[in-house]
Amino acid sequence: MFQVSRTPAARLLGAAAVSLASLASLSAAHPAAATGAGAGAGASTVSVPAGDHLTVTVRDAGAGADGTFELYCNPGGGTHPDPEGACAAVERDTRWGQDAFAPVPEGSVCTMQYGGPATAHVTGVWAGRPVDVTYDRRDGCEISRWDRMVPLLPEVGARGRS
């Protein structure tokens, strides 16, 4: 006689639940994809609740660059000096399964150069995920990480100063 124990049945049920949850997460898209961002004005008919909101606090970057700015994306707005450019800067680094705000990987080999005292703290929600990240310019890797986020972060250094 063949007997089914509860343990394999529970495992099968657990696997089915995980598979269903995975499928649900795969069908979720970033709001920019749902609204057709970048497709031109008026190209979208899908309404997506506003969710991309970042607060950017910049210190020691120079006159006119320091302060706290609110940024809303899709559509762009807030007190940030360049909301459309700032949203585009973060959007271009947004990839499925990757963190647009990821720190420099541990063990990276970075040039020992100093990019100045500027710091930035970014908090909020991007692509449905919480954001709480700090930027500085203490070495070549951090300078590159900062520069990838211009104009979300102000342009500083030799190019950014007038």
# chains A, B, ... in the order shown; residues from 1 in each chain; ligands from 1
$ residues_around --residues "segment 111-116 of chain A" --least-positions-apart "4" --cutoff "8 Å" --atoms "only C-alpha atoms" --output "ChimeraX atom specification"
/A:137-141,143,157
$ residues_around --residues "segment 69-72 of chain A" --least-positions-apart "4" --cutoff "12 Å" --atoms "only C-alpha atoms" --output "mmCIF file with N, CA, C and O atoms, in the first residue's frame"
data_model
loop_
_atom_site.group_PDB
_atom_site.id
_atom_site.type_symbol
_atom_site.label_atom_id
_atom_site.label_comp_id
_atom_site.auth_asym_id
_atom_site.auth_seq_id
_atom_site.Cartn_x
_atom_site.Cartn_y
_atom_site.Cartn_z
ATOM 1 N N PRO A 49 -0.366 55.561 -9.274
ATOM 2 C CA PRO A 49 -0.263 56.434 -8.108
ATOM 3 C C PRO A 49 1.181 56.903 -7.915
ATOM 4 O O PRO A 49 2.118 56.153 -8.155
ATOM 5 N N ALA A 50 1.312 58.152 -7.496
ATOM 6 C CA ALA A 50 2.645 58.705 -7.264
ATOM 7 C C ALA A 50 3.308 57.912 -6.152
ATOM 8 O O ALA A 50 2.726 57.656 -5.122
ATOM 9 N N GLY A 51 4.533 57.510 -6.365
ATOM 10 C CA GLY A 51 5.211 56.732 -5.352
ATOM 11 C C GLY A 51 6.682 57.052 -5.254
ATOM 12 O O GLY A 51 7.296 56.820 -4.225
ATOM 13 N N ASP A 52 7.270 57.554 -6.331
ATOM 14 C CA ASP A 52 8.689 57.877 -6.311
ATOM 15 C C ASP A 52 8.874 59.248 -5.683
ATOM 16 O O ASP A 52 8.566 60.267 -6.288
ATOM 17 N N HIS A 53 9.373 59.257 -4.458
ATOM 18 C CA HIS A 53 9.583 60.495 -3.715
ATOM 19 C C HIS A 53 10.905 60.385 -2.983
ATOM 20 O O HIS A 53 11.121 59.437 -2.234
ATOM 21 N N LEU A 54 11.791 61.334 -3.232
ATOM 22 C CA LEU A 54 13.083 61.339 -2.564
ATOM 23 C C LEU A 54 13.316 62.686 -1.888
ATOM 24 O O LEU A 54 12.907 63.721 -2.421
ATOM 25 N N THR A 55 13.946 62.659 -0.743
ATOM 26 C CA THR A 55 14.404 63.862 -0.065
ATOM 27 C C THR A 55 15.926 63.837 -0.122
ATOM 28 O O THR A 55 16.549 62.867 0.304
ATOM 29 N N VAL A 56 16.503 64.893 -0.691
ATOM 30 C CA VAL A 56 17.945 64.975 -0.891
ATOM 31 C C VAL A 56 18.477 66.104 -0.022
ATOM 32 O O VAL A 56 18.066 67.252 -0.178
ATOM 33 N N THR A 57 19.394 65.779 0.889
ATOM 34 C CA THR A 57 20.037 66.786 1.728
ATOM 35 C C THR A 57 21.511 66.837 1.356
ATOM 36 O O THR A 57 22.222 65.839 1.473
ATOM 37 N N VAL A 58 21.957 68.010 0.889
ATOM 38 C CA VAL A 58 23.332 68.200 0.418
ATOM 39 C C VAL A 58 24.034 69.171 1.352
ATOM 40 O O VAL A 58 23.472 70.210 1.711
ATOM 41 N N ARG A 59 25.267 68.835 1.714
ATOM 42 C CA ARG A 59 26.085 69.700 2.574
ATOM 43 C C ARG A 59 27.475 69.860 1.977
ATOM 44 O O ARG A 59 28.018 68.936 1.375
ATOM 45 N N GLY A 64 24.587 77.642 -3.329
ATOM 46 C CA GLY A 64 23.520 77.295 -4.254
ATOM 47 C C GLY A 64 23.256 75.805 -4.389
ATOM 48 O O GLY A 64 22.232 75.409 -4.914
ATOM 49 N N ALA A 65 24.184 74.975 -3.947
ATOM 50 C CA ALA A 65 24.008 73.529 -4.056
ATOM 51 C C ALA A 65 23.572 72.903 -2.738
ATOM 52 O O ALA A 65 22.928 71.863 -2.738
ATOM 53 N N GLY A 76 7.517 64.554 -12.703
ATOM 54 C CA GLY A 76 8.567 65.221 -11.938
ATOM 55 C C GLY A 76 8.058 66.491 -11.277
ATOM 56 O O GLY A 76 7.264 67.226 -11.839
ATOM 57 N N GLY A 77 8.510 66.732 -10.072
ATOM 58 C CA GLY A 77 8.132 67.946 -9.354
ATOM 59 C C GLY A 77 8.844 68.019 -8.029
ATOM 60 O O GLY A 77 9.730 67.226 -7.732
ATOM 61 N N GLY A 78 8.463 68.995 -7.237
ATOM 62 C CA GLY A 78 9.069 69.188 -5.924
ATOM 63 C C GLY A 78 9.947 70.418 -5.905
ATOM 64 O O GLY A 78 9.900 71.249 -6.809
ATOM 65 N N THR A 79 10.772 70.523 -4.876
ATOM 66 C CA THR A 79 11.629 71.698 -4.720
ATOM 67 C C THR A 79 13.031 71.480 -5.286
ATOM 68 O O THR A 79 13.865 72.370 -5.202
ATOM 69 N N HIS A 80 13.309 70.320 -5.849
ATOM 70 C CA HIS A 80 14.613 70.047 -6.454
ATOM 71 C C HIS A 80 14.814 70.997 -7.638
ATOM 72 O O HIS A 80 13.870 71.250 -8.392
ATOM 73 N N PRO A 81 16.027 71.541 -7.814
ATOM 74 C CA PRO A 81 16.257 72.502 -8.896
ATOM 75 C C PRO A 81 16.063 71.927 -10.309
ATOM 76 O O PRO A 81 15.782 72.671 -11.243
ATOM 77 N N ASP A 82 16.198 70.616 -10.500
ATOM 78 C CA ASP A 82 16.026 69.992 -11.821
ATOM 79 C C ASP A 82 15.297 68.662 -11.663
ATOM 80 O O ASP A 82 15.889 67.595 -11.763
ATOM 81 N N PRO A 83 13.982 68.710 -11.411
ATOM 82 C CA PRO A 83 13.273 67.457 -11.138
ATOM 83 C C PRO A 83 13.300 66.455 -12.288
ATOM 84 O O PRO A 83 13.500 65.266 -12.066
ATOM 85 N N GLU A 84 13.136 66.925 -13.509
ATOM 86 C CA GLU A 84 13.122 65.989 -14.636
ATOM 87 C C GLU A 84 14.494 65.333 -14.812
ATOM 88 O O GLU A 84 14.602 64.127 -15.013
ATOM 89 N N GLY A 85 15.558 66.129 -14.734
ATOM 90 C CA GLY A 85 16.907 65.587 -14.865
ATOM 91 C C GLY A 85 17.251 64.648 -13.725
ATOM 92 O O GLY A 85 17.888 63.608 -13.932
ATOM 93 N N ALA A 86 16.843 65.007 -12.505
ATOM 94 C CA ALA A 86 17.122 64.169 -11.336
ATOM 95 C C ALA A 86 16.403 62.828 -11.451
ATOM 96 O O ALA A 86 16.998 61.775 -11.188
ATOM 97 N N CYS A 87 15.146 62.862 -11.858
ATOM 98 C CA CYS A 87 14.398 61.607 -12.031
ATOM 99 C C CYS A 87 15.044 60.750 -13.114
ATOM 100 O O CYS A 87 15.182 59.539 -12.953
ATOM 101 N N ALA A 88 15.474 61.377 -14.202
ATOM 102 C CA ALA A 88 16.121 60.640 -15.292
ATOM 103 C C ALA A 88 17.438 60.021 -14.836
ATOM 104 O O ALA A 88 17.769 58.902 -15.237
ATOM 105 N N VAL A 90 18.239 58.884 -11.847
ATOM 106 C CA VAL A 90 17.979 57.678 -11.055
ATOM 107 C C VAL A 90 17.373 56.601 -11.937
ATOM 108 O O VAL A 90 17.732 55.422 -11.839
ATOM 109 N N ALA A 120 25.933 63.975 0.735
ATOM 110 C CA ALA A 120 24.500 63.996 0.433
ATOM 111 C C ALA A 120 23.841 62.814 1.122
ATOM 112 O O ALA A 120 24.432 61.734 1.228
ATOM 113 N N HIS A 121 22.638 63.038 1.591
ATOM 114 C CA HIS A 121 21.844 61.984 2.212
ATOM 115 C C HIS A 121 20.521 61.935 1.450
ATOM 116 O O HIS A 121 19.829 62.952 1.335
ATOM 117 N N VAL A 122 20.186 60.777 0.911
ATOM 118 C CA VAL A 122 18.974 60.603 0.116
ATOM 119 C C VAL A 122 18.078 59.603 0.830
ATOM 120 O O VAL A 122 18.510 58.489 1.145
ATOM 121 N N THR A 123 16.844 60.010 1.085
ATOM 122 C CA THR A 123 15.864 59.125 1.716
ATOM 123 C C THR A 123 14.572 59.177 0.915
ATOM 124 O O THR A 123 14.354 60.093 0.127
ATOM 125 N N GLY A 124 13.716 58.199 1.119
ATOM 126 C CA GLY A 124 12.414 58.194 0.465
ATOM 127 C C GLY A 124 12.061 56.827 -0.070
ATOM 128 O O GLY A 124 12.436 55.796 0.490
ATOM 129 N N VAL A 125 11.341 56.841 -1.208
ATOM 130 C CA VAL A 125 10.889 55.610 -1.850
ATOM 131 C C VAL A 125 11.169 55.718 -3.340
ATOM 132 O O VAL A 125 10.820 56.724 -3.965
ATOM 133 N N TRP A 126 11.814 54.694 -3.883
ATOM 134 C CA TRP A 126 12.053 54.636 -5.326
ATOM 135 C C TRP A 126 11.685 53.239 -5.809
ATOM 136 O O TRP A 126 12.137 52.249 -5.261
ATOM 137 N N ALA A 127 10.854 53.162 -6.837
ATOM 138 C CA ALA A 127 10.408 51.879 -7.414
ATOM 139 C C ALA A 127 9.797 50.980 -6.340
ATOM 140 O O ALA A 127 9.996 49.769 -6.345
ATOM 141 N N PRO A 151 22.039 64.867 -12.285
ATOM 142 C CA PRO A 151 21.770 66.015 -11.446
ATOM 143 C C PRO A 151 20.890 65.762 -10.214
ATOM 144 O O PRO A 151 20.433 66.719 -9.606
ATOM 145 N N LEU A 152 20.652 64.486 -9.822
ATOM 146 C CA LEU A 152 19.987 64.289 -8.529
ATOM 147 C C LEU A 152 20.849 64.936 -7.457
ATOM 148 O O LEU A 152 20.352 65.642 -6.587
ATOM 149 N N LEU A 153 22.159 64.684 -7.531
ATOM 150 C CA LEU A 153 23.131 65.338 -6.660
ATOM 151 C C LEU A 153 23.783 66.459 -7.468
ATOM 152 O O LEU A 153 23.924 66.338 -8.689
ATOM 153 N N PRO A 154 24.204 67.529 -6.811
ATOM 154 C CA PRO A 154 24.800 68.635 -7.576
ATOM 155 C C PRO A 154 26.152 68.254 -8.169
ATOM 156 O O PRO A 154 26.883 67.447 -7.603
#
